[in-house]
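Peer 1: Structure provided below as structure tokens; questions to follow.
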Amino acid sequence: MDLNFIKGKFTEDQLEAAIIELFKAQNYVHIHGDKLHRRLEDILLTDDLRNFLSTRYSDLTAAETEKIISRLQNIPSSPLYNGNRETFLLINEGFDLQRDEPGKLALHVNYIDFETPENNSFKIINQFSVQGERLRRPDLLLFINGIPITIFEFKTAIDESKTTHDAWEQIHIRYCRDIPKLLKYCFLSVVSDGANTKLGSIFTPYEYYYAWNKANDHEKASNGISALFTMIKGVFAKDRLTAILRDFIYYPDDSKKEEAIITRYPQFFAANKMFANIKLHIKPAGDGKGGTYFGATGCGKTYTMLFLSRLLTLRERESFNNPTIVIIEDREDLDTQTSELFAASKKYLHDTNVRSIESRQDLMDELGNKASGGVYITTIQKFCEKTGLLSNRNNIICISDEAHRSQSGIGAKLKKTEQGVFTTYGFAKYLRDSFPNTTYCGFTGTPIDETIAVFGEVVDSYTMKESTDDGITVRIAYEPRLARVILSDEQAKEIQKYYAKCVEEGANPDQIEESKKAMSGMSRILGHPDVLKRLAKDIVTHYEALTAQKPEIVQKAMIVCADRQIAFKLLKEIIALKPDWNKKRKAENEADLTSEQLSKLLPLEKIKMVATQGENDEKELFEVCGCNRAFNLAKIVI
């Protein structure tokens with residue numbers, strides 16, 4: 001295989017030819033589109049589909065075979081999202097065919113053999129012309145059993161004016177507009193210029209197309225031209241492609257936008273490795289420690305939990321025996337976010353009982369009587385001493401999000417009060433009292449020793465560096481600037497002691513009252529007027545210097561404060577230095593916009609305090625805070 005384009009500049013035709021060679025190395029059959037005997041209006045390779053069906057279902061009549069093919073062909077392609085989604089669900093799940101011969105039982109028909117990939121026909125076809133509203137010719141199409149499930153579009157690296165964004169536009173605008181009869185079958189979409197090869201769906205915004213930088217999970221991530229190889233091997237190896245089609249493409253039950261989620265490579269590897277580890281450790285044969293997944297902030301852990309939940313629900317049924325899955329959060333906002341995703345995933349999870357637990361009583365009523373199945377999202381704070389035993393079953397899987405915080409505290413602690421010394425326990429202990437034979441696994445962006453002790457060893461990881469290298473997480477720069485405004489070494493030491501205490505003990509809403517005494521000392525230091533003046537001046541100077549370096553880029557800053565009072569005082573100090581930041585405007589320079597454009601915008605200050613209201617806040621503070629749920633942490637956003 002001569003991939004001489006690697007050595008220098010190359011044309012679009014050379015890139016296409018090189019990628020075809022990579023597919024042939026994966027034992028795909030290659031055909032040039034011009035050599036096919038077909039009408040340009042026809043999309044399916046019906047002979048391939050007939051051959052697959054006749055081999056898999058040997059007693060089908062000719063009429064029944066045509067019914068199966070027609071069912072797929074007759075799905076409307078307009079609106080395209082509905083047609084693509086319906087086509088995917090049919091191919092993904094199959095359907096029950098009512099037999100022509102009276103008395104014969106219905107036959108469940110699948111269009112792809114997911115269990116044995118070798119039983120399918122895999123073809124790669126270039127220059128496949130399609131007549132729709134206009135004649136269009138995609139660069140490359142991948143067919144399984146005559147169904148074009150992936151579309152590829154290439155751009156040359158010679159012409160600097162042409163990029164992968166042009167390839168994306170060609171698929172998402174021209175092809176979706178002119179040949180929807182083809183696009184309704186295309187569940188995966190690849191754009192490449194050789195140096196950049198990215199994957200998405202035909203509904204994925206360009207900025208969310210991503211590279212598949214590892215062919216296998218144990219390899220080092222690649223980029224550039226090497227990522228072309230890892231994409232073809234990592235996504236389009238036959239067993240890998242059928243696995244992705246089967247479990248790692250997600251269409252919400254009811255979405256307000258056209259949305260199809262394609263797994264990223266860290267999500268794919270993590271879900272599969274966690275699934276295998278849970279199976280290995282499930283009780284009674286195992287120790288119930290399903291393992292820890294370490295994923296960087298922003299890498300899509302919630303979708304990884306969703307993919308894992310589907311595997312637990314539908315695969316290895318003999319091992320998991322229709323499990324009940326409980327997703328445990330430790331904050332209400334995370335509970336809401338996760339609940340919204342999972343509640344829109346009933347079809348994907350093949351379970352109508354997917355919902356959030358509303359209260360401690362709801363927890364006991366629902367999970368205390370559950371025999372099997374169901375996916376539930378709840379906060380760990382709903383588990384308490386009163387909850388008691390809910391179920392002795394071992395086919396319950398608890399997936400703990402943010403497992404480095406309150407979810408790992410299962411031991412006893414001594415608490416000294418004016419009334420005496422008492423033994424106290426964390427919520428995690430009451431959770432395990434409720435489900436003593438459950439298998440627990442943890443997802444966290446900050447694995448600590450206690451996390452591993454409770455949930456088991458790290459099964460897979462995706463670090464912040466990997467995430468930022470892949471362009472999934474925005475790179476964060478941190479500068480420790482507190483020393484520039486602190487008043488004394490003694491105060492700095494006090495702050496460091498407090499931070500160390502927080503790390504040691506963890507933090508959750510129920511511990512806030514206990515922290516107030518410690519915070520009162522910190523507040524005197526952090527809220528000192530001289531400290532705030534110095535801090536405000538330092539922040540303004542630093543922010544303006546950074547933004548001046550790249551004036552064409554909109555840059556934001558967030559200042560997290562110990563409490564709302566300190567945040568409010570700091571806000572006033574910053575406004576005193578930059579009064580214009582507090583004036584409401586519709587744009588940085590309103591003169592650059594038309595009256596029509598301005599009419600669609602709301603006036604906002606450049607600087608805003610983001611905090612919840614306290615019932616007894618003074619009027620000025622009350623009005624700058626956001627909502628009426630009392631919580632003491634606050635931040636300022638520029």
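If you're wondering about the labels, chains in the structure tokens are A, B, ... by order shown, residues count from 1 in each chain, ligands from 1 in order shown.
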Please identify all polymer residues within 8 Å of range 283-297 of chain A, counting only C-alpha atoms, omitting same-chain residues fewer than 6 positions from it, and present them as a PyMOL selection string.

Peer 2: chain A and resi 270+274+277+394+437-447+451-452+454-464+467+473

Peer 1: Which residue, A:Pro205, A:Pro180, A:Pro323, A:Gly471, has the smallest gap to Asn82 in chain A when you use only C-alpha atoms?

Peer 2: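 Of all the options, A:Pro180 lies closest to Asn82 in chain A.
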
Peer 1: For Tyr28 in chain A, which residue out of A:Thr387, A:Asn51, A:Asn145, A:Gln127 is the nearest one, using only C-alpha atoms?

Peer 2: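 Ranked by minimum distance to Tyr28 in chain A, first place goes to A:Asn145.
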
Peer 1: Could you pull out all residues of range 24-99 of chain A with a DSSP call of alpha helix (DSSP H) and give them as a VMD selection string?

Peer 2: chain A and resid 24 to 25 46 to 56 62 to 73 80 to 93

Peer 1: List the neighbours of Lys238 in chain A out to 9 Å using only C-alpha atoms; skip same-chain residues closer than 2 positions along the sequence, and give me the result as a list in words.

Peer 2: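 Once the adjacent positions are removed, what remains is Gln26, Asn27, Tyr28, Pro117, Glu118, Phe122, Val235, Phe236, Arg240, Leu241, Thr242 and Ala243 of chain A.
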
Peer 1: Would you save the residues from that selection as a tab-separated table (two decimals), in the first residue's frame, using C-alpha atoms?

Peer 2:
chain	number	residue	atom	x	y	z
A	26	GLN	CA	-9.72	-4.18	6.97
A	27	ASN	CA	-11.16	-6.70	4.44
A	28	TYR	CA	-13.78	-4.37	3.00
A	117	PRO	CA	-20.00	-9.19	12.37
A	118	GLU	CA	-18.42	-11.58	9.84
A	122	PHE	CA	-19.11	-4.74	4.17
A	235	VAL	CA	-14.22	3.02	14.38
A	236	PHE	CA	-14.46	0.97	11.19
A	240	ARG	CA	-16.01	-2.12	16.35
A	241	LEU	CA	-18.42	-0.57	13.83
A	242	THR	CA	-21.22	-3.00	14.62
A	243	ALA	CA	-20.66	-2.43	18.36

Peer 1: Mind checking which residues fall within 8 Å of range 192-202 of chain A, counting only C-alpha atoms, ignoring those fewer than 2 positions away in the same chain, and posting them as a PyMOL selection string?

Peer 2: chain A and resi 12+15+152-157+163-164+167+171-172+183+186-190+204+208-212+223-228+231+260-262

Peer 1: Would you pick out the contacts of Ser129 in chain A at 10 Å or less, using only C-alpha atoms, so that residues sharing its chain but fewer than 5 positions from it are not included, and give the list as a PDB file with N, CA and C atoms, in the first residue's frame?

Peer 2:
ATOM      1  N   GLY A  33     -18.263   3.512  -7.872  1.00  0.00           N
ATOM      2  CA  GLY A  33     -19.684   3.721  -8.097  1.00  0.00           C
ATOM      3  C   GLY A  33     -20.114   3.612  -9.548  1.00  0.00           C
ATOM      4  N   ASP A  34     -19.259   4.001 -10.472  1.00  0.00           N
ATOM      5  CA  ASP A  34     -19.614   3.962 -11.887  1.00  0.00           C
ATOM      6  C   ASP A  34     -19.754   2.541 -12.415  1.00  0.00           C
ATOM      7  N   ARG A  39     -30.127   2.319 -11.019  1.00  0.00           N
ATOM      8  CA  ARG A  39     -30.683   3.631 -11.330  1.00  0.00           C
ATOM      9  C   ARG A  39     -30.138   4.629 -10.316  1.00  0.00           C
ATOM     10  N   LEU A  40     -29.908   5.842 -10.758  1.00  0.00           N
ATOM     11  CA  LEU A  40     -29.328   6.845  -9.858  1.00  0.00           C
ATOM     12  C   LEU A  40     -30.276   7.211  -8.730  1.00  0.00           C
ATOM     13  N   GLU A  41     -31.563   6.909  -8.883  1.00  0.00           N
ATOM     14  CA  GLU A  41     -32.535   7.182  -7.823  1.00  0.00           C
ATOM     15  C   GLU A  41     -32.498   6.116  -6.726  1.00  0.00           C
ATOM     16  N   ASP A  42     -31.916   4.950  -7.033  1.00  0.00           N
ATOM     17  CA  ASP A  42     -31.911   3.841  -6.077  1.00  0.00           C
ATOM     18  C   ASP A  42     -30.746   3.995  -5.097  1.00  0.00           C
ATOM     19  N   ILE A  43     -31.042   3.792  -3.829  1.00  0.00           N
ATOM     20  CA  ILE A  43     -30.036   3.975  -2.786  1.00  0.00           C
ATOM     21  C   ILE A  43     -29.518   2.640  -2.264  1.00  0.00           C
ATOM     22  N   LEU A 135     -28.337  16.251  -8.775  1.00  0.00           N
ATOM     23  CA  LEU A 135     -27.427  15.124  -8.817  1.00  0.00           C
ATOM     24  C   LEU A 135     -26.229  15.419  -7.919  1.00  0.00           C
ATOM     25  N   ARG A 136     -25.982  14.531  -6.962  1.00  0.00           N
ATOM     26  CA  ARG A 136     -24.854  14.698  -6.048  1.00  0.00           C
ATOM     27  C   ARG A 136     -24.034  13.415  -6.015  1.00  0.00           C
ATOM     28  N   ARG A 137     -22.734  13.574  -5.708  1.00  0.00           N
ATOM     29  CA  ARG A 137     -21.836  12.422  -5.700  1.00  0.00           C
ATOM     30  C   ARG A 137     -20.924  12.504  -4.485  1.00  0.00           C
ATOM     31  N   PRO A 138     -21.317  11.892  -3.361  1.00  0.00           N
ATOM     32  CA  PRO A 138     -20.442  11.860  -2.175  1.00  0.00           C
ATOM     33  C   PRO A 138     -19.132  11.159  -2.509  1.00  0.00           C
ATOM     34  N   ASP A 139     -18.077  11.542  -1.797  1.00  0.00           N
ATOM     35  CA  ASP A 139     -16.772  10.959  -2.071  1.00  0.00           C
ATOM     36  C   ASP A 139     -16.727   9.469  -1.773  1.00  0.00           C
TER      37      ASP A 139
END

Peer 1: Could you work out how far CA of Ile232 in chain A lies from CA of Gln131 in chain A, giving the answer in Å with one decimal?

Peer 2: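 According to the coordinates, CA of Gln131 in chain A and CA of Ile232 in chain A are separated by 28.3 Å.
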
Peer 1: DSSP on the backbone: what in range 229-451 of chain A comes out strand (DSSP E or B), as a ChimeraX atom specification?

Peer 2: /A:249-250,261-262,289-295,324-329,354-356,375-379,396-401,412-417,420-425,439-444

Peer 1: Which is closer to Ser255 in chain A than all the others in A:Gln565, A:Thr304, A:Ser345, A:Gln381, using only C-alpha atoms?

Peer 2: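 Once distances to Ser255 in chain A are computed over only C-alpha atoms, the minimum belongs to A:Ser345.
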
Peer 1: When you look at range 598-600 of chain A with a cut-off of 12 Å (counting only C-alpha atoms), what residues show up, excluding the ones that are within fewer than 2 positions of it in the same chain? I need them as an MDAnalysis selection string.

Peer 2: chainID A and resid 585:596 602:603

Peer 1: Emit the selected residues as an mmCIF file, in the first residue's frame, including all heavy atoms.

Peer 2:
data_model
loop_
_atom_site.group_PDB
_atom_site.id
_atom_site.type_symbol
_atom_site.label_atom_id
_atom_site.label_comp_id
_atom_site.auth_asym_id
_atom_site.auth_seq_id
_atom_site.Cartn_x
_atom_site.Cartn_y
_atom_site.Cartn_z
ATOM 1 N N ARG A 585 -25.604 47.240 28.522
ATOM 2 C CA ARG A 585 -25.486 47.493 27.088
ATOM 3 C C ARG A 585 -25.933 46.246 26.327
ATOM 4 O O ARG A 585 -25.866 45.131 26.843
ATOM 5 C CB ARG A 585 -24.035 47.805 26.706
ATOM 6 C CG ARG A 585 -23.510 49.140 27.213
ATOM 7 C CD ARG A 585 -22.155 49.426 26.556
ATOM 8 N NE ARG A 585 -21.632 50.739 26.932
ATOM 9 C CZ ARG A 585 -20.825 50.963 27.957
ATOM 10 N NH1 ARG A 585 -20.461 49.949 28.729
ATOM 11 N NH2 ARG A 585 -20.392 52.182 28.234
ATOM 12 N N LYS A 586 -26.353 46.468 25.090
ATOM 13 C CA LYS A 586 -26.746 45.347 24.240
ATOM 14 C C LYS A 586 -25.552 44.762 23.491
ATOM 15 O O LYS A 586 -25.626 43.647 22.968
ATOM 16 C CB LYS A 586 -27.818 45.774 23.250
ATOM 17 C CG LYS A 586 -29.155 46.114 23.922
ATOM 18 C CD LYS A 586 -30.250 46.340 22.906
ATOM 19 C CE LYS A 586 -31.594 46.532 23.598
ATOM 20 N NZ LYS A 586 -32.702 46.684 22.619
ATOM 21 N N ALA A 587 -24.479 45.498 23.416
ATOM 22 C CA ALA A 587 -23.252 45.032 22.776
ATOM 23 C C ALA A 587 -22.095 45.888 23.259
ATOM 24 O O ALA A 587 -22.308 46.991 23.784
ATOM 25 C CB ALA A 587 -23.369 45.105 21.251
ATOM 26 N N GLU A 588 -20.873 45.375 23.082
ATOM 27 C CA GLU A 588 -19.692 46.132 23.498
ATOM 28 C C GLU A 588 -19.646 47.479 22.795
ATOM 29 O O GLU A 588 -19.329 48.497 23.386
ATOM 30 C CB GLU A 588 -18.426 45.320 23.182
ATOM 31 C CG GLU A 588 -17.161 45.885 23.781
ATOM 32 C CD GLU A 588 -17.053 45.628 25.272
ATOM 33 O OE1 GLU A 588 -17.607 44.625 25.763
ATOM 34 O OE2 GLU A 588 -16.409 46.451 25.959
ATOM 35 N N ASN A 589 -19.996 47.466 21.519
ATOM 36 C CA ASN A 589 -20.096 48.702 20.739
ATOM 37 C C ASN A 589 -21.424 48.671 19.980
ATOM 38 O O ASN A 589 -21.536 48.096 18.903
ATOM 39 C CB ASN A 589 -18.916 48.836 19.771
ATOM 40 C CG ASN A 589 -18.857 50.223 19.143
ATOM 41 O OD1 ASN A 589 -19.817 50.998 19.216
ATOM 42 N ND2 ASN A 589 -17.738 50.544 18.528
ATOM 43 N N GLU A 590 -22.433 49.274 20.577
ATOM 44 C CA GLU A 590 -23.771 49.206 19.997
ATOM 45 C C GLU A 590 -23.845 49.887 18.634
ATOM 46 O O GLU A 590 -24.709 49.566 17.812
ATOM 47 C CB GLU A 590 -24.781 49.834 20.960
ATOM 48 C CG GLU A 590 -24.927 49.057 22.262
ATOM 49 C CD GLU A 590 -25.922 49.718 23.218
ATOM 50 O OE1 GLU A 590 -26.206 50.919 23.033
ATOM 51 O OE2 GLU A 590 -26.407 49.021 24.134
ATOM 52 N N ALA A 591 -22.937 50.815 18.360
ATOM 53 C CA ALA A 591 -22.955 51.534 17.080
ATOM 54 C C ALA A 591 -22.641 50.618 15.900
ATOM 55 O O ALA A 591 -22.971 50.943 14.754
ATOM 56 C CB ALA A 591 -21.960 52.695 17.119
ATOM 57 N N ASP A 592 -22.024 49.456 16.180
ATOM 58 C CA ASP A 592 -21.674 48.532 15.096
ATOM 59 C C ASP A 592 -22.857 47.696 14.633
ATOM 60 O O ASP A 592 -22.765 46.990 13.625
ATOM 61 C CB ASP A 592 -20.560 47.588 15.547
ATOM 62 C CG ASP A 592 -19.241 48.321 15.752
ATOM 63 O OD1 ASP A 592 -19.101 49.440 15.229
ATOM 64 O OD2 ASP A 592 -18.365 47.773 16.453
ATOM 65 N N LEU A 593 -23.983 47.749 15.372
ATOM 66 C CA LEU A 593 -25.142 46.914 15.051
ATOM 67 C C LEU A 593 -26.279 47.752 14.495
ATOM 68 O O LEU A 593 -26.418 48.930 14.809
ATOM 69 C CB LEU A 593 -25.619 46.155 16.292
ATOM 70 C CG LEU A 593 -24.599 45.241 16.975
ATOM 71 C CD1 LEU A 593 -25.219 44.577 18.193
ATOM 72 C CD2 LEU A 593 -24.078 44.186 16.008
ATOM 73 N N THR A 594 -27.118 47.112 13.697
ATOM 74 C CA THR A 594 -28.294 47.787 13.148
ATOM 75 C C THR A 594 -29.395 47.836 14.198
ATOM 76 O O THR A 594 -29.358 47.121 15.208
ATOM 77 C CB THR A 594 -28.814 47.045 11.911
ATOM 78 O OG1 THR A 594 -29.280 45.741 12.324
ATOM 79 C CG2 THR A 594 -27.714 46.883 10.863
ATOM 80 N N SER A 595 -30.400 48.649 13.938
ATOM 81 C CA SER A 595 -31.542 48.754 14.851
ATOM 82 C C SER A 595 -32.252 47.416 14.989
ATOM 83 O O SER A 595 -32.690 47.031 16.079
ATOM 84 C CB SER A 595 -32.521 49.817 14.349
ATOM 85 O OG SER A 595 -31.891 51.083 14.300
ATOM 86 N N GLU A 596 -32.351 46.677 13.868
ATOM 87 C CA GLU A 596 -33.005 45.369 13.908
ATOM 88 C C GLU A 596 -32.220 44.387 14.765
ATOM 89 O O GLU A 596 -32.795 43.629 15.563
ATOM 90 C CB GLU A 596 -33.139 44.816 12.486
ATOM 91 C CG GLU A 596 -33.887 43.486 12.429
ATOM 92 C CD GLU A 596 -34.024 42.957 11.011
ATOM 93 O OE1 GLU A 596 -33.599 43.667 10.075
ATOM 94 O OE2 GLU A 596 -34.544 41.846 10.857
ATOM 95 N N LEU A 602 -30.904 41.743 24.622
ATOM 96 C CA LEU A 602 -31.234 42.296 25.937
ATOM 97 C C LEU A 602 -30.012 43.025 26.495
ATOM 98 O O LEU A 602 -28.881 42.543 26.362
ATOM 99 C CB LEU A 602 -31.639 41.182 26.901
ATOM 100 C CG LEU A 602 -32.958 40.458 26.603
ATOM 101 C CD1 LEU A 602 -33.123 39.291 27.569
ATOM 102 C CD2 LEU A 602 -34.132 41.421 26.719
ATOM 103 N N PRO A 603 -30.215 44.175 27.132
ATOM 104 C CA PRO A 603 -29.075 44.888 27.720
ATOM 105 C C PRO A 603 -28.565 44.172 28.973
ATOM 106 O O PRO A 603 -29.350 43.760 29.824
ATOM 107 C CB PRO A 603 -29.660 46.264 28.050
ATOM 108 C CG PRO A 603 -31.126 46.029 28.218
ATOM 109 C CD PRO A 603 -31.483 44.913 27.284
#

Peer 1: Extract, using only C-alpha atoms, all DNA, RNA and protein residues at most 7 Å from Ser339 in chain A, discarding same-chain residues fewer than 6 positions from it, and format them as a PDB file with C-alpha atoms, in the first residue's frame.

Peer 2:
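Dumped everything to selection_27.pdb:
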ATOM      1  CA  ARG A 355     -37.165   8.616  36.352  1.00  0.00           C
ATOM      2  CA  SER A 356     -35.885  10.777  39.171  1.00  0.00           C
ATOM      3  CA  ILE A 377     -31.681   8.963  39.485  1.00  0.00           C
TER       4      ILE A 377
END

Peer 1: Interatomic distance between CA of Ile151 in chain A and CA of Ile179 in chain A?

Peer 2: 12.2 Å

Peer 1: For CA of Lys569 in chain A and CA of Val624 in chain A, determine how far apart the two atoms are, in Å to one decimal place.

Peer 2: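 For CA of Lys569 in chain A relative to CA of Val624 in chain A, the distance reads 11.8 Å.
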
Peer 1: Using only C-alpha atoms, pick whichever of A:Glu259, A:Lys578, A:Cys561, A:Asp401 has the shortest atom-to-atom distance to Val540 in chain A.

Peer 2: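 Smallest separation from Val540 in chain A among the options: A:Lys578.
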
Peer 1: Between A:Leu312, A:Leu349, A:Met609, A:Ile278, which has the minimum distance to Pro252 in chain A (counting only C-alpha atoms)?

Peer 2: A:Leu349
